[in-house]
file work_19.cif (mmCIF, C-alpha atoms and all ligand atoms)
data_target
loop_
_atom_site.label_atom_id
_atom_site.label_comp_id
_atom_site.auth_asym_id
_atom_site.auth_seq_id
_atom_site.Cartn_x
_atom_site.Cartn_y
_atom_site.Cartn_z
CA MET A 262 0.00 0.00 0.00
CA THR A 263 1.38 3.41 -0.90
CA ALA A 264 1.61 5.98 1.84
CA PRO A 265 -1.19 8.56 1.72
CA LEU A 266 -0.05 11.91 0.46
CA GLN A 267 -0.06 14.74 2.92
CA ASP A 268 0.58 18.37 2.19
CA ALA A 269 1.60 19.51 5.65
CA SER A 270 5.35 19.67 5.74
CA LEU A 271 6.88 17.50 8.40
CA ALA A 272 8.57 20.56 9.86
CA ASP A 273 5.13 21.85 10.85
CA ALA A 274 4.16 18.61 12.57
CA HIS A 275 2.82 19.18 16.05
CA VAL A 276 1.87 15.55 16.50
CA ARG A 277 3.12 12.87 14.17
CA LEU A 278 2.25 9.19 14.03
CA ASP A 279 4.94 7.16 12.39
CA ALA A 280 3.83 3.66 11.25
CA TRP A 281 1.81 3.41 14.46
CA SER A 282 0.19 0.00 15.04
CA VAL A 283 -1.95 -1.14 17.96
CA TRP A 284 -3.20 -4.60 18.88
CA PHE A 285 -5.66 -5.34 21.68
CA ALA A 286 -4.91 -9.04 22.18
CA SER A 287 -5.71 -10.46 18.73
CA THR A 288 -7.59 -7.35 17.50
CA HIS A 289 -5.42 -5.35 15.14
CA ALA A 290 -6.93 -1.92 15.87
CA LEU A 291 -4.43 0.26 13.98
CA ASP A 292 -2.20 -0.87 11.14
CA ALA A 293 0.88 1.26 10.50
CA VAL A 294 -0.88 4.62 10.61
CA SER A 295 1.36 7.51 9.54
CA LEU A 296 -0.25 10.87 10.06
CA VAL A 297 0.95 14.42 10.53
CA VAL A 298 -1.18 16.71 12.68
CA PRO A 299 -0.06 20.22 11.70
CA ARG A 300 0.43 22.84 14.38
CA GLY A 301 -2.67 24.97 14.90
CA GLY A 302 -5.99 24.44 13.19
CA VAL A 303 -8.34 21.51 13.37
CA THR A 304 -7.73 18.01 12.10
CA ALA A 305 -10.79 15.76 11.83
CA LEU A 306 -10.66 11.95 11.96
CA ILE A 307 -13.53 10.31 10.12
CA GLY A 308 -14.47 6.74 9.30
CA PRO A 309 -17.02 4.07 10.15
CA SER A 310 -17.54 2.75 13.66
CA GLY A 311 -14.71 0.49 14.79
CA CYS A 312 -12.17 1.80 12.26
CA GLY A 313 -9.78 2.97 14.99
CA LYS A 314 -10.55 6.68 15.43
CA SER A 315 -10.74 6.57 19.23
CA THR A 316 -7.65 4.39 19.37
CA VAL A 317 -5.70 7.11 17.54
CA LEU A 318 -6.76 9.71 20.11
CA ARG A 319 -6.17 7.41 23.07
CA SER A 320 -2.72 6.54 21.72
CA ILE A 321 -1.73 10.20 21.48
CA ASN A 322 -2.65 10.62 25.14
CA ARG A 323 -1.27 7.19 26.19
CA LEU A 324 -4.63 6.34 27.72
CA ASP A 325 -4.31 2.63 26.94
CA ASP A 326 -0.91 2.32 28.67
CA GLY A 327 -0.57 -0.79 30.76
CA GLN A 328 -3.74 -2.43 29.46
CA ALA A 329 -3.49 -6.24 29.40
CA GLY A 330 -2.98 -7.56 25.87
CA LEU A 331 -1.95 -4.21 24.41
CA ARG A 332 0.88 -4.31 21.90
CA VAL A 333 2.14 -1.33 19.91
CA THR A 334 4.77 -0.68 17.28
CA GLY A 335 5.88 2.52 15.58
CA ARG A 336 6.28 5.94 17.13
CA ILE A 337 4.23 8.97 18.10
CA LEU A 338 6.06 12.27 18.23
CA LEU A 339 4.93 15.41 20.04
CA ASP A 340 7.06 18.38 19.02
CA ASN A 341 9.47 15.84 17.54
CA VAL A 342 9.92 13.99 20.84
CA ASP A 343 8.77 10.38 21.14
CA ILE A 344 5.92 10.37 23.69
CA HIS A 345 7.10 6.96 24.91
CA ASP A 346 10.57 8.30 25.66
CA ALA A 347 11.66 7.66 29.23
CA SER A 348 11.95 11.44 29.74
CA ILE A 349 8.17 11.91 29.28
CA ASP A 350 5.88 10.99 32.12
CA PRO A 351 2.26 10.30 31.20
CA ALA A 352 0.84 12.84 33.68
CA SER A 353 2.80 15.73 32.17
CA LEU A 354 1.92 14.47 28.69
CA ARG A 355 -1.76 14.64 29.61
CA ARG A 356 -1.33 18.17 30.88
CA ARG A 357 0.04 19.17 27.47
CA ILE A 358 -2.60 17.17 25.59
CA GLY A 359 -6.17 17.64 26.83
CA MET A 360 -8.92 15.15 26.11
CA VAL A 361 -12.70 15.49 25.90
CA PHE A 362 -14.95 12.47 25.51
CA GLN A 363 -18.30 11.78 23.89
CA ARG A 364 -20.14 11.66 27.20
CA SER A 365 -19.43 14.74 29.25
CA ASN A 366 -17.92 13.51 32.50
CA PRO A 367 -17.69 16.38 34.98
CA PHE A 368 -16.55 15.47 38.48
CA ARG A 369 -19.26 15.39 41.15
CA ARG A 370 -18.05 18.72 42.46
CA SER A 371 -18.81 22.38 41.90
CA ILE A 372 -18.37 24.10 38.53
CA LEU A 373 -15.32 25.94 39.88
CA GLU A 374 -13.76 22.82 41.41
CA ASN A 375 -13.99 21.07 38.06
CA VAL A 376 -12.00 23.78 36.33
CA VAL A 377 -9.31 24.32 38.98
CA TYR A 378 -8.74 20.61 39.52
CA GLY A 379 -6.00 20.23 36.88
CA PRO A 380 -4.06 23.45 37.55
CA ARG A 381 -4.04 22.63 41.25
CA LEU A 382 -2.92 19.05 40.61
CA HIS A 383 -0.14 20.17 38.29
CA GLY A 384 0.86 23.08 40.50
CA LEU A 385 0.17 25.62 37.74
CA ALA A 386 -1.54 28.05 40.11
CA THR A 387 -2.49 28.40 43.76
CA GLY A 388 -4.71 30.61 45.91
CA ASP A 389 -6.28 33.63 44.21
CA ALA A 390 -4.49 32.88 40.96
CA LEU A 391 -6.67 29.79 40.60
CA ALA A 392 -9.78 31.95 40.24
CA ALA A 393 -8.17 33.84 37.36
CA VAL A 394 -7.15 30.57 35.69
CA ALA A 395 -10.72 29.32 36.02
CA GLU A 396 -12.20 32.48 34.53
CA ARG A 397 -9.84 32.38 31.56
CA ALA A 398 -10.62 28.70 30.89
CA LEU A 399 -14.38 29.23 31.20
CA ARG A 400 -14.20 32.24 28.88
CA ARG A 401 -12.25 30.27 26.29
CA ALA A 402 -14.86 27.51 26.52
CA ALA A 403 -17.63 30.11 25.94
CA LEU A 404 -19.22 29.24 29.28
CA TRP A 405 -18.21 32.12 31.57
CA GLU A 406 -21.26 34.34 31.04
CA GLU A 407 -23.60 31.46 31.84
CA VAL A 408 -21.86 30.30 35.04
CA LYS A 409 -20.05 33.28 36.54
CA ASP A 410 -22.76 33.79 39.18
CA ARG A 411 -23.10 30.11 40.09
CA LEU A 412 -19.54 28.80 40.26
CA GLY A 413 -20.25 27.02 43.56
CA GLU A 414 -23.16 25.01 42.19
CA PRO A 415 -22.71 21.35 41.30
CA ALA A 416 -21.48 20.73 37.76
CA THR A 417 -24.35 18.32 37.36
CA SER A 418 -26.82 21.24 37.61
CA LEU A 419 -25.71 22.35 34.14
CA SER A 420 -27.37 21.30 30.88
CA GLY A 421 -25.73 18.62 28.73
CA GLY A 422 -24.20 21.15 26.37
CA GLN A 423 -22.94 23.26 29.26
CA GLN A 424 -21.43 20.19 30.93
CA GLN A 425 -19.54 19.39 27.74
CA ARG A 426 -18.25 22.98 27.55
CA LEU A 427 -17.25 22.62 31.21
CA CYS A 428 -15.23 19.55 30.28
CA ILE A 429 -13.58 21.60 27.54
CA ALA A 430 -12.86 24.35 30.10
CA ARG A 431 -11.43 21.75 32.48
CA ALA A 432 -9.07 20.57 29.74
CA LEU A 433 -8.14 24.15 28.73
CA ALA A 434 -7.35 25.12 32.33
CA ASN A 435 -4.15 23.09 32.04
CA GLU A 436 -3.13 25.30 29.09
CA PRO A 437 -2.65 22.31 26.77
CA ASP A 438 -0.95 22.66 23.38
CA VAL A 439 -3.19 19.98 21.88
CA LEU A 440 -6.86 19.28 22.48
CA LEU A 441 -8.30 15.88 21.52
CA LEU A 442 -12.09 15.56 21.25
CA ASP A 443 -13.78 12.20 20.71
CA GLU A 444 -17.22 12.74 19.19
CA PRO A 445 -17.80 15.62 21.61
CA THR A 446 -21.23 16.60 20.30
CA SER A 447 -22.81 13.28 19.42
CA ALA A 448 -24.96 13.33 22.56
CA LEU A 449 -26.00 16.99 22.12
CA ASP A 450 -28.84 18.78 20.36
CA PRO A 451 -28.15 20.99 17.30
CA GLY A 452 -27.99 24.23 19.31
CA ALA A 453 -25.47 22.88 21.82
CA THR A 454 -23.51 21.32 18.96
CA GLN A 455 -23.30 24.64 17.17
CA ARG A 456 -21.96 26.41 20.26
CA ILE A 457 -19.18 23.85 20.54
CA GLU A 458 -18.33 24.05 16.86
CA GLU A 459 -18.08 27.84 17.19
CA LEU A 460 -15.82 27.65 20.19
CA LEU A 461 -13.53 25.16 18.43
CA TYR A 462 -13.31 27.66 15.60
CA ASP A 463 -12.14 30.32 18.05
CA LEU A 464 -9.70 28.01 19.84
CA ARG A 465 -7.93 26.74 16.76
CA THR A 466 -5.66 29.76 16.53
CA ASP A 467 -3.77 28.85 19.70
CA VAL A 468 -4.45 25.17 20.29
CA THR A 469 -3.94 22.27 17.91
CA ILE A 470 -7.25 20.41 17.78
CA VAL A 471 -7.93 16.83 16.74
CA ILE A 472 -11.61 15.92 16.59
CA VAL A 473 -13.14 12.51 15.96
CA THR A 474 -16.56 12.72 14.42
CA HIS A 475 -18.78 10.42 12.44
CA ASN A 476 -20.78 13.46 11.38
CA LEU A 477 -19.31 14.31 7.98
CA GLN A 478 -20.97 17.72 7.87
CA GLN A 479 -19.31 18.54 11.16
CA ALA A 480 -15.90 17.51 9.83
CA ALA A 481 -16.50 19.67 6.77
CA ARG A 482 -17.60 22.64 8.89
CA VAL A 483 -14.95 22.68 11.59
CA SER A 484 -11.76 21.17 10.24
CA ASP A 485 -8.85 22.34 8.14
CA HIS A 486 -7.54 18.82 7.49
CA THR A 487 -9.42 15.54 7.41
CA ALA A 488 -8.07 12.02 7.73
CA PHE A 489 -10.17 9.05 6.64
CA LEU A 490 -9.59 5.76 8.44
CA LEU A 491 -10.93 2.37 7.42
CA ASP A 492 -10.30 -0.95 9.16
CA GLY A 493 -7.43 0.47 11.18
CA ARG A 494 -5.66 1.95 8.18
CA LEU A 495 -5.28 5.54 7.10
CA VAL A 496 -6.80 5.68 3.63
CA GLU A 497 -6.36 9.36 2.87
CA VAL A 498 -5.59 12.67 4.53
CA ASP A 499 -5.89 16.06 2.89
CA ALA A 500 -7.11 19.60 3.25
CA THR A 501 -10.76 19.17 4.24
CA ARG A 502 -12.21 20.94 1.24
CA ARG A 503 -10.15 18.83 -1.14
CA LEU A 504 -10.92 15.56 0.60
CA PHE A 505 -14.63 16.27 0.40
CA THR A 506 -14.67 17.59 -3.16
CA SER A 507 -12.00 15.56 -4.92
CA PRO A 508 -10.97 12.54 -2.88
CA ARG A 509 -8.11 10.57 -4.37
CA ASP A 510 -9.13 7.14 -3.12
CA PRO A 511 -12.33 5.45 -4.32
CA ARG A 512 -12.97 4.21 -0.76
CA THR A 513 -12.96 7.80 0.49
CA GLU A 514 -15.37 8.80 -2.22
CA ALA A 515 -17.67 5.88 -1.39
CA TYR A 516 -17.65 6.86 2.28
CA ILE A 517 -18.25 10.58 1.88
CA THR A 518 -21.04 9.99 -0.60
CA GLY A 519 -22.77 7.78 1.92
CA ARG A 520 -22.34 4.43 0.19
CA PHE A 521 -21.24 2.76 3.43
CA GLY A 522 -20.52 3.46 7.07
N1 LIG B 601 -9.72 -1.44 25.05
C1 LIG B 601 -9.96 -2.25 24.02
N2 LIG B 601 -9.88 -3.59 24.15
C2 LIG B 601 -10.12 -4.39 23.10
N3 LIG B 601 -10.43 -3.96 21.87
C3 LIG B 601 -10.52 -2.65 21.68
C4 LIG B 601 -10.29 -1.71 22.74
N4 LIG B 601 -10.47 -0.46 22.26
C5 LIG B 601 -10.79 -0.60 20.96
N5 LIG B 601 -10.83 -1.92 20.61
C6 LIG B 601 -11.10 -2.45 19.26
O1 LIG B 601 -10.27 -1.76 18.36
C7 LIG B 601 -10.97 -1.44 17.15
C8 LIG B 601 -11.00 0.08 16.96
O2 LIG B 601 -11.83 0.64 17.97
P1 LIG B 601 -12.04 2.22 18.14
O3 LIG B 601 -10.72 2.88 18.07
O4 LIG B 601 -12.83 2.40 19.37
O5 LIG B 601 -12.89 2.58 16.84
P2 LIG B 601 -13.79 3.87 16.52
O6 LIG B 601 -13.50 4.92 17.54
O7 LIG B 601 -13.40 4.28 15.12
O8 LIG B 601 -15.22 3.42 16.56
C9 LIG B 601 -12.36 -2.07 17.30
O9 LIG B 601 -12.31 -3.35 16.72
C10 LIG B 601 -12.53 -2.16 18.79
O10 LIG B 601 -13.40 -3.21 19.13
MG MG B 602 -14.75 5.84 18.92
#
call {"tool": "encode", "arguments": {"input": "work_19.cif", "output": "structure tokens", "more": "lines below"}}
Ligand SMILES: Nc1ncnc2c1ncn2[C@@H]1O[C@H](COP(=O)(O)OP(=O)(O)O)[C@@H](O)[C@H]1O
Ligand SMILES: [Mg+2]
result
Amino acid sequence: MTAPLQDASLADAHVRLDAWSVWFASTHALDAVSLVVPRGGVTALIGPSGCGKSTVLRSINRLDDGQAGLRVTGRILLDNVDIHDASIDPASLRRRIGMVFQRSNPFRRSILENVVYGPRLHGLATGDALAAVAERALRRAALWEEVKDRLGEPATSLSGGQQQRLCIARALANEPDVLLLDEPTSALDPGATQRIEELLYDLRTDVTIVIVTHNLQQAARVSDHTAFLLDGRLVEVDATRRLFTSPRDPRTEAYITGRFG
């Protein structure tokens, strides 16, 4: 199989997968995926259920580390450093790379406590400075105006869309360089989805965003680059507009025109 073409020059790579393969026991979840995530902007991962999208995100954040039966080959580089290098500890990696999941999962604590949890844990701020960190993160997540007068209320008192923006704020509070989102709006209504798409648009200038979505319109709306995965392999990656208007691979064309998946 020939390597998919990719325009982004390797010098611009913020995250780079290099022949990255993952097995869960006998399941070959990813097969030699090579992908450059350029610095800044939004990269979307699309493909049918089970094709390995979540495994790509989890690999970048080393979330599957230590799982029984896991076997990996290849490399993942963050700023040209191998994330499995002995010099990188997973906790600091996860500070630099935030993650947001499909189901919003706020802690059973107040709105404020959710946002200051990471900075406190990582020693990024203490005392009064924590309040400023929380405000900045909530503003960046487009949630501040809605919660500024109720920061002490339980996170669970928020609507579903607000809870997901709170999870984004919680990730942003650590000042990550990279934000990974795994189908972040698939449980939300169209209005809440639109708010999140808009905030991703605003964030992309200073955070590198990778979003998994099986909503092709969403990928087309929010991303600069799109990668199409099928059966654990990267079929094609390109500028989003080009991938959706003139895909190079017939399997990509079949998928984006709704013939499977
Ligand atoms: N923790 C795990 N243990 C065993 N198999 C897994 C695990 N996570 C994912 N898989 C398998 O790896 C493949 C890719 O899964 P996933 O990355 O979740 O796909 P997607 O997010 O595209 O739906 C699937 O066959 C899935 O069943
Ligand atoms: Mg998934």
call {"tool": "residues_near_ligand", "arguments": {"input": "work_19.cif", "ligand": "ligand MG 602 (chain B)", "cutoff": "8 Å", "atoms": "all atoms listed in the file", "output": "MDAnalysis selection string"}}
result
chainID A and resid 310:311 313:316 443:444 473
call {"tool": "residues_near_ligand", "arguments": {"input": "work_19.cif", "ligand": "ligand LIG 601 (chain B)", "cutoff": "9 Å", "atoms": "all atoms listed in the file", "output": "PyMOL selection string"}}
result
chain A and resi 283-291+306-319+325+328-331+443-444+473-475+490-493
call {"tool": "write_last_selection", "arguments": {"input": "work_19.cif", "atoms": "C-alpha atoms", "output": "compact mmCIF listing (two decimals), in the coordinates of the input"}}
result
# COMPACT_ATOMS: atom_id res chain seq x y z
CA VAL A 283 -1.95 -1.14 17.96
CA TRP A 284 -3.20 -4.60 18.88
CA PHE A 285 -5.66 -5.34 21.68
CA ALA A 286 -4.91 -9.04 22.18
CA SER A 287 -5.71 -10.46 18.73
CA THR A 288 -7.59 -7.35 17.50
CA HIS A 289 -5.42 -5.35 15.14
CA ALA A 290 -6.93 -1.92 15.87
CA LEU A 291 -4.43 0.26 13.98
CA LEU A 306 -10.66 11.95 11.96
CA ILE A 307 -13.53 10.31 10.12
CA GLY A 308 -14.47 6.74 9.30
CA PRO A 309 -17.02 4.07 10.15
CA SER A 310 -17.54 2.75 13.66
CA GLY A 311 -14.71 0.49 14.79
CA CYS A 312 -12.17 1.80 12.26
CA GLY A 313 -9.78 2.97 14.99
CA LYS A 314 -10.55 6.68 15.43
CA SER A 315 -10.74 6.57 19.23
CA THR A 316 -7.65 4.39 19.37
CA VAL A 317 -5.70 7.11 17.54
CA LEU A 318 -6.76 9.71 20.11
CA ARG A 319 -6.17 7.41 23.07
CA ASP A 325 -4.31 2.63 26.94
CA GLN A 328 -3.74 -2.43 29.46
CA ALA A 329 -3.49 -6.24 29.40
CA GLY A 330 -2.98 -7.56 25.87
CA LEU A 331 -1.95 -4.21 24.41
CA ASP A 443 -13.78 12.20 20.71
CA GLU A 444 -17.22 12.74 19.19
CA VAL A 473 -13.14 12.51 15.96
CA THR A 474 -16.56 12.72 14.42
CA HIS A 475 -18.78 10.42 12.44
CA LEU A 490 -9.59 5.76 8.44
CA LEU A 491 -10.93 2.37 7.42
CA ASP A 492 -10.30 -0.95 9.16
CA GLY A 493 -7.43 0.47 11.18
call {"tool": "atom_distance", "arguments": {"input": "work_19.cif", "atom1": "CA of Glu414 in chain A", "atom2": "CA of Val376 in chain A"}}
result
12.7 Å
call {"tool": "residues_around", "arguments": {"input": "work_19.cif", "residues": "Pro445 in chain A", "least_positions_apart": "3", "cutoff": "7 Å", "atoms": "all atoms listed in the file", "output": "tab-separated table (two decimals) with C-alpha atoms, in the frame of the given file"}}
result
chain	number	residue	atom	x	y	z
A	361	VAL	CA	-12.70	15.49	25.90
A	362	PHE	CA	-14.95	12.47	25.51
A	363	GLN	CA	-18.30	11.78	23.89
A	442	LEU	CA	-12.09	15.56	21.25
call {"tool": "axis_aligned_box", "arguments": {"input": "work_19.cif", "around": "range 281-295 of chain A", "padding_each_side": "5 Å", "output": "JSON"}}
result
{"center_x": -2.9, "center_y": -1.5, "center_z": 15.9, "size_x": 19.4, "size_y": 28.0, "size_z": 22.6}
call {"tool": "closest_residue", "arguments": {"input": "work_19.cif", "among": "A:Thr334, A:Ser371, A:Thr304, A:Thr506", "to": "Trp281 in chain A", "atoms": "only C-alpha atoms"}}
result
A:Thr334
call {"tool": "closest_residue", "arguments": {"input": "work_19.cif", "among": "A:Leu419, A:Val303, A:Val298, A:Leu461", "to": "Arg369 in chain A", "atoms": "all atoms listed in the file"}}
result
A:Leu419
call {"tool": "atom_distance", "arguments": {"input": "work_19.cif", "atom1": "CA of Leu399 in chain A", "atom2": "CA of Gln425 in chain A"}}
result
11.6 Å
call {"tool": "atom_distance", "arguments": {"input": "work_19.cif", "atom1": "CA of His486 in chain A", "atom2": "CA of Arg465 in chain A"}}
result
12.2 Å
call {"tool": "residues_near_point", "arguments": {"input": "work_19.cif", "point": "(-0.4, -0.5, 11.3)", "cutoff": "6 Å", "atoms": "only C-alpha atoms", "output": "list in words"}}
result
Ala280, Trp281, Ser282, Leu291, Asp292, Ala293 and Val294 of chain A
call {"tool": "residues_near_point", "arguments": {"input": "work_19.cif", "point": "(-7.5, 33.5, 35.4)", "cutoff": "12 Å", "atoms": "only C-alpha atoms", "output": "NGL selection string"}}
result
:A and (373 or 376-377 or 380 or 385-401 or 405 or 430 or 433-436)
call {"tool": "closest_residue", "arguments": {"input": "work_19.cif", "among": "A:Ala432, A:Tyr378, A:Ile372, A:Ala515", "to": "Val408 in chain A", "atoms": "only C-alpha atoms"}}
result
A:Ile372
call {"tool": "closest_residue", "arguments": {"input": "work_19.cif", "among": "A:Arg300, A:Arg512, A:Arg370, A:Arg356", "to": "Asp273 in chain A", "atoms": "all atoms listed in the file"}}
result
A:Arg300
call {"tool": "decode", "arguments": {"input": "work_19.cif", "residues": "range 297-322 of chain A", "atoms": "N, CA and C atoms", "output": "mmCIF file, in the first residue's frame"}}
result
data_model
loop_
_atom_site.group_PDB
_atom_site.id
_atom_site.type_symbol
_atom_site.label_atom_id
_atom_site.label_comp_id
_atom_site.auth_asym_id
_atom_site.auth_seq_id
_atom_site.Cartn_x
_atom_site.Cartn_y
_atom_site.Cartn_z
ATOM 1 N N VAL A 297 0.431 13.170 9.975
ATOM 2 C CA VAL A 297 0.952 14.415 10.532
ATOM 3 C C VAL A 297 -0.221 15.285 10.958
ATOM 4 N N VAL A 298 -0.205 15.719 12.217
ATOM 5 C CA VAL A 298 -1.176 16.711 12.681
ATOM 6 C C VAL A 298 -0.440 18.045 12.691
ATOM 7 N N PRO A 299 -0.784 18.942 11.762
ATOM 8 C CA PRO A 299 -0.063 20.217 11.697
ATOM 9 C C PRO A 299 -0.341 21.078 12.924
ATOM 10 N N ARG A 300 0.585 21.951 13.227
ATOM 11 C CA ARG A 300 0.428 22.838 14.381
ATOM 12 C C ARG A 300 -0.660 23.873 14.109
ATOM 13 N N GLY A 301 -1.573 24.023 15.070
ATOM 14 C CA GLY A 301 -2.667 24.972 14.898
ATOM 15 C C GLY A 301 -3.727 24.399 13.974
ATOM 16 N N GLY A 302 -4.920 24.926 14.055
ATOM 17 C CA GLY A 302 -5.986 24.440 13.194
ATOM 18 C C GLY A 302 -6.621 23.173 13.733
ATOM 19 N N VAL A 303 -7.546 22.660 12.950
ATOM 20 C CA VAL A 303 -8.343 21.509 13.374
ATOM 21 C C VAL A 303 -8.138 20.376 12.381
ATOM 22 N N THR A 304 -7.807 19.217 12.918
ATOM 23 C CA THR A 304 -7.731 18.006 12.102
ATOM 24 C C THR A 304 -8.881 17.102 12.515
ATOM 25 N N ALA A 305 -9.672 16.666 11.540
ATOM 26 C CA ALA A 305 -10.790 15.758 11.828
ATOM 27 C C ALA A 305 -10.404 14.341 11.452
ATOM 28 N N LEU A 306 -10.814 13.373 12.280
ATOM 29 C CA LEU A 306 -10.662 11.953 11.955
ATOM 30 C C LEU A 306 -12.048 11.402 11.685
ATOM 31 N N ILE A 307 -12.232 10.873 10.480
ATOM 32 C CA ILE A 307 -13.533 10.312 10.123
ATOM 33 C C ILE A 307 -13.367 8.849 9.722
ATOM 34 N N GLY A 308 -14.485 8.134 9.712
ATOM 35 C CA GLY A 308 -14.473 6.736 9.299
ATOM 36 C C GLY A 308 -15.547 5.981 10.055
ATOM 37 N N PRO A 309 -15.926 4.812 9.532
ATOM 38 C CA PRO A 309 -17.023 4.070 10.148
ATOM 39 C C PRO A 309 -16.680 3.575 11.550
ATOM 40 N N SER A 310 -17.696 3.245 12.298
ATOM 41 C CA SER A 310 -17.537 2.753 13.663
ATOM 42 C C SER A 310 -16.570 1.564 13.679
ATOM 43 N N GLY A 311 -15.650 1.590 14.636
ATOM 44 C CA GLY A 311 -14.707 0.486 14.789
ATOM 45 C C GLY A 311 -13.457 0.598 13.938
ATOM 46 N N CYS A 312 -13.316 1.698 13.168
ATOM 47 C CA CYS A 312 -12.171 1.799 12.261
ATOM 48 C C CYS A 312 -10.890 2.224 12.980
ATOM 49 N N GLY A 313 -10.995 2.641 14.242
ATOM 50 C CA GLY A 313 -9.784 2.972 14.994
ATOM 51 C C GLY A 313 -9.623 4.431 15.365
ATOM 52 N N LYS A 314 -10.658 5.235 15.158
ATOM 53 C CA LYS A 314 -10.553 6.676 15.431
ATOM 54 C C LYS A 314 -10.217 6.941 16.908
ATOM 55 N N SER A 315 -10.989 6.327 17.802
ATOM 56 C CA SER A 315 -10.739 6.571 19.225
ATOM 57 C C SER A 315 -9.367 6.047 19.634
ATOM 58 N N THR A 316 -8.958 4.952 19.029
ATOM 59 C CA THR A 316 -7.649 4.390 19.372
ATOM 60 C C THR A 316 -6.530 5.360 18.995
ATOM 61 N N VAL A 317 -6.699 6.089 17.888
ATOM 62 C CA VAL A 317 -5.699 7.106 17.541
ATOM 63 C C VAL A 317 -5.621 8.151 18.652
ATOM 64 N N LEU A 318 -6.781 8.675 19.068
ATOM 65 C CA LEU A 318 -6.760 9.708 20.115
ATOM 66 C C LEU A 318 -6.180 9.162 21.417
ATOM 67 N N ARG A 319 -6.636 7.975 21.802
ATOM 68 C CA ARG A 319 -6.170 7.407 23.069
ATOM 69 C C ARG A 319 -4.665 7.135 23.025
ATOM 70 N N SER A 320 -4.168 6.779 21.856
ATOM 71 C CA SER A 320 -2.724 6.537 21.723
ATOM 72 C C SER A 320 -1.937 7.823 21.931
ATOM 73 N N ILE A 321 -2.449 8.927 21.372
ATOM 74 C CA ILE A 321 -1.728 10.200 21.479
ATOM 75 C C ILE A 321 -1.638 10.639 22.933
ATOM 76 N N ASN A 322 -2.632 10.250 23.722
ATOM 77 C CA ASN A 322 -2.651 10.618 25.142
ATOM 78 C C ASN A 322 -2.176 9.480 26.051
#
